[in-house]
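Participant: I have a structure here, written as structure tokens, and I will follow up with some questions on it.
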Amino acid sequence: MLFNSIDFAIFLPLVFMAYWLIPARHIRAQNILIVLASYVFYGWWDWRFLSLIVFSTIVDYVVGRRLGQENRPGRRKFLLWVSIAVNLGFLGFFKYYNFFVENFVEAFSFFGQPIQADLLHIILPVGISFYTFQTLSYTIDVYRRKLEPTNNFIAFTAFVSFFPQLVAGPIERATHLLPQFYKKRIFKYDLAADGMRQILWGLFKKMVIADNCAGYVNMIFSNPESHSGSMLVLGAVLFAFQIYGDFSGYSDIAIGTARLFGFDLMKNFAFPYFSRDIAEFWRRWHISLSTWFRDYLYIPLGGSRGSMANQIRNVFIIFIVSGFWHGANWTFIAWGALNALYFLPLLLLNRNRSNLDTIAENSFFPTFRELMGMLLTFGVTVLAWVFFRAESIAHAWEYLGGIFTESLFTIPEIMNFKQLDVLLKLLLLFLLVEWYGRKTEFAIQKFATWPKLFRWPAYIFIIFLIGMYAQTEETPFIYFQF
Amino acid sequence: MKKFLLNSVLFSLSATIGYCLLIIVWGEIFLHNERPNLIYRRAGYGHTLSRLNDAKVVNHTKVLFLGSSHAYRGFDVRYMHRQKINAFNLGTSAQTAEVTEVLLNRYLDSIKPKLVIIEVAPTVFNLDGVEAALDVLANDTIDLNAAKLAVRVNNLRVYNTLIYAYYRGLRNRDSKVVEKKIKGRDTYRKNGYVERKVTYFKKKSYSPRKYTFRDDQLAALNRIISKLKRRDLPYILVQAPVTRGIYERYTNRQEFESMIKEMGPYYDFNKLVKLDDSLHFYDAFHLNQQGVEIFNQKLIHTLRLDTVR
């Protein structure tokens, strides 16, 4: 079920009403309702893949329980590896099997030993990369004795399958989300109203910004040779907004929906395009995944301790693995590696933690230095997005090659594209609102401080912009494919 | 919770009013390309306004034609008139069965035909109906049927246009709009027909495809047929000719034929009339005037339209 669909617009109020009709003391009944709703939500797409979630839930629940009873280090390690093998096994099979087979075949052929191997027609289950990482966090935290294993199967099932964030995150930590399923949830007006606000902004980002960018991005990326360098730059910039609007829009809807049910999900985006350097960008982009890799991969590898060579190795590993997590394609690996390269100078100069506050913290306008930093960071990020969006490495090179030509200094042929000028105006409005709200959780959270006389018309205007400028066909979220 | 629900209801009401007002403001201020989800084209493509204006005053019609552009460009009511057949053509652009249903509900009682001929183009059964709905909403009155159509099509553009068209109707903003009789190469002829200046089509070949059919369109056609049956009004389903290239590219023609045959008397004129892709068509889907006359002659003869009383 898509957040931007009529189905969800009916589903959400129904589940919301049913949930709050259950008295708050019946936590178990509320959790059962969440599980059922989540399974319906997921099964709407393809009920057969529910079995994967159920299996993963059972394995991690049992492993967690056994870890709680087991003190022998060898046995504990074995149990941890069972969970890792099951979860990453599913992920590896569904997401990476064909990629590895293809590349092995190519590698053997390259060395003069052609081999035959059949590819499988595998459907990638929606959200598998997200919920496997979420359940893994539980097992690893129990293994590390950071978290008590749960003996509440229903709460654990609800934690794994919680529908707002099941298919595209934020990837929650068990230490943060699971305890919320044990506690009594009391309806809070302010929390619910904030949730509604966040859902509204998420829908705007997805339906107006991302979906409108998508059409032009597809046109420009599918045919880079027929566009000028400046138009290719515009295509890459539009993709930057598409991916941001799409994914952060999804996260906003997910977090807002969870708030309606009395849950607090972690922040996933913090205005990443207002970052002054690439390190800040990565503290603000897909925070739940970055911190997951930081906690479960980077730090165990040694993190920023040890020799500089080790630190550099760790940075490359985490960026490349993070890139590969997105999809079975060399383009994602290149995207990750390129970001590691961007990060390297900051690491070497020990300036990777120099921008920990918010841009223009005490003023409305940024300083010249901040502005330059922000534009440079955005610029290099946009170049990296070309790899992320391209079909193949060759396609990315062709695109980048097209940018760096004489035609880079021409005026982009905007007028050849119907209604692109309207989109550019919408993007400007979007950026202004995001800038205005950059110190809050999400851009329009600050509207809550306005008097109703201004607040409500502002919301109505956003609804109107969705109605007037949204694409009329439901389009799935990009991150569903990951 | 009470406060939340109460505020949600209040906000929904305010949002509905505010949304409608903004639609009107946008419709009045901005140009078509600046408001992509508000497409209000009165007297736009296809002469729908002229046709519907004629439909409001026509009476004593024996044969009523309905359908897409194949209908209003294919059934020449002047030619029929010369054969002493009083006919009216109520075709509109990309008219889906759902739009046909709305038009029938509106005009059947005033036109009072003795026979209804519904043109069934297989490709139209896969349309979402947005284009056809927008055409009718902008050129006809807004009533409960129009609102029902909008709900059935369930598309933002249609809802927005419905609101705006209703406003324009209330304010009588379009009373002075007169549609040009000649638009480009098209000339509107009384009682619904649109004549295209004779041009010829360059033959093409196409890769094979399959028709797909939407359940909602098939359901609408069934409702239309039930309505006609209830009124004891004879009807005939007709597939108008398209170029051979287009006709033969679809590999599941048989499936369509058997499906439609179950709904009533059906004639596929691609099989019944011999036409040349280049000589008798101006594009891949539409007959030129020479083709129309050959087709209409065959239609009158095959369906015995001259005997309709």
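So you can find residues: chains in the structure tokens are A, B, ... in the order shown, residues in each start at 1, and ligands are numbered from 1 in order.
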As a VMD selection string, please: all residues of stretch 175-254 of chain A that backbone DSSP puts in alpha helix (DSSP H).
Facilitator: chain A and resid 175 to 177 189 to 203 211 to 222 229 to 254
Participant: Could you tell me which residues of chain A sit within 10 Å of chain B when counting only C-alpha atoms, and give me the result as a ChimeraX atom specification?
Facilitator: /A:6,20,186-190,192-193,196,418-423,456-457,459-473
Participant: Would you work out the distance separating atom CA of B:Lys180 from atom CA of B:Val198, expressed in Å to one decimal?
Facilitator: 19.5 Å
Participant: What's around B:Lys190 at 10 Å? Count only C-alpha atoms, leave out sequence neighbours fewer than 3 positions away in its own chain, and write the answer as a list in words.
Facilitator: Ser50, Arg51, Asp54, Ala55, Asp76, Val77, Arg78, Phe88, Asn89, Lys181, Thr187, Tyr193 and Val194 of chain B
Participant: For B:Gln297, which of B:Tyr45, B:Phe281, B:Phe269, B:Tyr166 is the closest residue, counting only C-alpha atoms?
Facilitator: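 Comparing B:Tyr45, B:Phe281, B:Phe269, B:Tyr166 against B:Gln297, the winner is B:Phe269.
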Participant: Quick one: distance from atom CA of B:Arg73 to atom CA of B:Glu195 in Å, one decimal?
Facilitator: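 Computing it gives 6.4 Å between the two atoms.
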Participant: May I ask which of the residues A:Asn98, A:Ser354, A:Asn212, A:Thr139 is the closest one to A:Leu238, counting only C-alpha atoms?
Facilitator: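 Of the candidates, the smallest distance to A:Leu238 is held by A:Asn212.
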Participant: Hey, what does DSSP flag as strand (DSSP E or B) within stretch 37-255 of chain B? Can you give it to me as a list in words?
Facilitator: Val63, Leu64, Phe65, Leu66, Ala87, Phe88, Asn89, Leu115, Val116, Ile117, Ile118, Glu119, Ile182, Lys183, Asp186, Thr187, Tyr188, Val194, Glu195, Arg196, Arg209, Tyr235, Ile236, Leu237, Val238, Gln239 and Tyr250 of chain B
Participant: Restricting the output to C-alpha atoms, write the selected residues as a tab-separated table (two decimals), in the first residue's frame.
Facilitator:
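Here's the written file selection28.tsv:
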```
chain	number	residue	atom	x	y	z
B	63	VAL	CA	-30.75	7.20	-34.85
B	64	LEU	CA	-28.44	8.34	-32.09
B	65	PHE	CA	-24.71	7.70	-32.42
B	66	LEU	CA	-22.42	7.60	-29.41
B	87	ALA	CA	-29.65	11.02	-37.04
B	88	PHE	CA	-27.69	12.76	-34.32
B	89	ASN	CA	-24.07	12.21	-33.45
B	115	LEU	CA	-32.21	3.28	-32.34
B	116	VAL	CA	-28.96	3.81	-30.47
B	117	ILE	CA	-25.67	2.97	-32.17
B	118	ILE	CA	-22.71	2.77	-29.80
B	119	GLU	CA	-19.31	2.85	-31.39
B	182	ILE	CA	-14.04	25.83	-38.64
B	183	LYS	CA	-11.00	24.95	-36.60
B	186	ASP	CA	-12.00	20.49	-39.07
B	187	THR	CA	-15.45	21.81	-39.88
B	188	TYR	CA	-18.39	21.25	-37.61
B	194	VAL	CA	-17.00	16.88	-37.74
B	195	GLU	CA	-15.68	16.86	-41.26
B	196	ARG	CA	-11.96	16.76	-41.87
B	209	ARG	CA	0.21	-5.53	-29.25
B	235	TYR	CA	-29.21	-0.70	-29.83
B	236	ILE	CA	-26.32	-1.87	-31.98
B	237	LEU	CA	-22.64	-2.03	-31.08
B	238	VAL	CA	-20.35	-1.05	-33.91
B	239	GLN	CA	-16.62	-1.04	-34.38
B	250	TYR	CA	-3.69	-6.27	-31.98
```
Participant: Could you pull the residues within 9 Å of A:Ile403, counting only C-alpha atoms, minus those fewer than 5 positions along the same chain, as a ChimeraX atom specification?
Facilitator: /A:228-233,398,408
Participant: Could you give me, as a list in words, the residues within 6 Å of stretch 215-218 of chain B, counting only C-alpha atoms and dropping anything in the same chain fewer than 2 positions from it?
Facilitator: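 These residues fall inside the cut-off: Ala97, Phe125, Ala220 and Leu221 of chain B.
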Participant: Generate a file of the selected residues that holds C-alpha atoms, formatted as a PDB file, in the first residue's frame.
Facilitator:
```pdb
ATOM      1  CA  ALA B  97     -18.399   4.083 -21.652  1.00  0.00           C
ATOM      2  CA  PHE B 125     -11.732   0.395 -23.125  1.00  0.00           C
ATOM      3  CA  ALA B 220     -20.311   1.063 -17.568  1.00  0.00           C
ATOM      4  CA  LEU B 221     -21.127  -0.420 -20.977  1.00  0.00           C
TER       5      LEU B 221
END
```
Participant: Skipping near chain neighbours, those fewer than 4 positions away, what residues fall within 10 Å of stretch 425-438 of chain A using only C-alpha atoms, listed as a VMD selection string?
Facilitator: chain A and resid 204 to 205 208 to 210 212 to 213 238 241 245 270 to 274 358 to 361 364 to 365 420 to 421 442 to 447 465 469
Participant: Residues at most 12 Å from A:Met308, counting only C-alpha atoms, excluding those fewer than 5 positions away in the same chain, as a PyMOL selection string?
Facilitator: chain A and resi 302-303+313-315+344+347-350
Participant: Filtering to N, CA and C atoms, could you give me those residues as a PDB file, in the first residue's frame?
Facilitator:
```pdb
ATOM      1  N   GLY A 302      36.807  -0.333  14.231  1.00  0.00           N
ATOM      2  CA  GLY A 302      37.818   0.518  14.844  1.00  0.00           C
ATOM      3  C   GLY A 302      37.463   1.984  14.743  1.00  0.00           C
ATOM      4  N   GLY A 303      36.521   2.309  13.858  1.00  0.00           N
ATOM      5  CA  GLY A 303      36.031   3.674  13.712  1.00  0.00           C
ATOM      6  C   GLY A 303      37.153   4.649  13.438  1.00  0.00           C
ATOM      7  N   ARG A 313      40.641   3.284   5.645  1.00  0.00           N
ATOM      8  CA  ARG A 313      40.035   2.004   5.241  1.00  0.00           C
ATOM      9  C   ARG A 313      38.596   1.911   5.759  1.00  0.00           C
ATOM     10  N   ASN A 314      38.419   2.277   7.032  1.00  0.00           N
ATOM     11  CA  ASN A 314      37.084   2.175   7.615  1.00  0.00           C
ATOM     12  C   ASN A 314      36.073   3.093   6.925  1.00  0.00           C
ATOM     13  N   VAL A 315      36.551   4.285   6.583  1.00  0.00           N
ATOM     14  CA  VAL A 315      35.648   5.228   5.892  1.00  0.00           C
ATOM     15  C   VAL A 315      35.228   4.646   4.541  1.00  0.00           C
ATOM     16  N   LEU A 344      37.314  12.197   2.496  1.00  0.00           N
ATOM     17  CA  LEU A 344      38.720  11.985   2.834  1.00  0.00           C
ATOM     18  C   LEU A 344      39.470  13.266   3.260  1.00  0.00           C
ATOM     19  N   LEU A 347      38.667  14.177   6.732  1.00  0.00           N
ATOM     20  CA  LEU A 347      39.253  13.250   7.695  1.00  0.00           C
ATOM     21  C   LEU A 347      40.739  13.553   7.894  1.00  0.00           C
ATOM     22  N   LEU A 348      41.427  13.764   6.773  1.00  0.00           N
ATOM     23  CA  LEU A 348      42.866  14.010   6.845  1.00  0.00           C
ATOM     24  C   LEU A 348      43.176  15.325   7.562  1.00  0.00           C
ATOM     25  N   LEU A 349      42.314  16.305   7.370  1.00  0.00           N
ATOM     26  CA  LEU A 349      42.527  17.603   8.019  1.00  0.00           C
ATOM     27  C   LEU A 349      41.868  17.671   9.396  1.00  0.00           C
ATOM     28  N   ASN A 350      41.265  16.539   9.785  1.00  0.00           N
ATOM     29  CA  ASN A 350      40.586  16.450  11.077  1.00  0.00           C
ATOM     30  C   ASN A 350      39.491  17.522  11.210  1.00  0.00           C
TER      31      ASN A 350
END
```
Participant: Hey, can you check how far atom CA of A:Gly202 sits from atom CA of A:Val380?
Facilitator: 25.6 Å
Participant: From the set A:Arg48, A:Arg294, A:Arg197, A:His176, which residue has the shortest atom-to-atom contact distance to A:Gly256, counting only C-alpha atoms?
Facilitator: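 For A:Gly256, the nearest of the given residues is A:Arg197.
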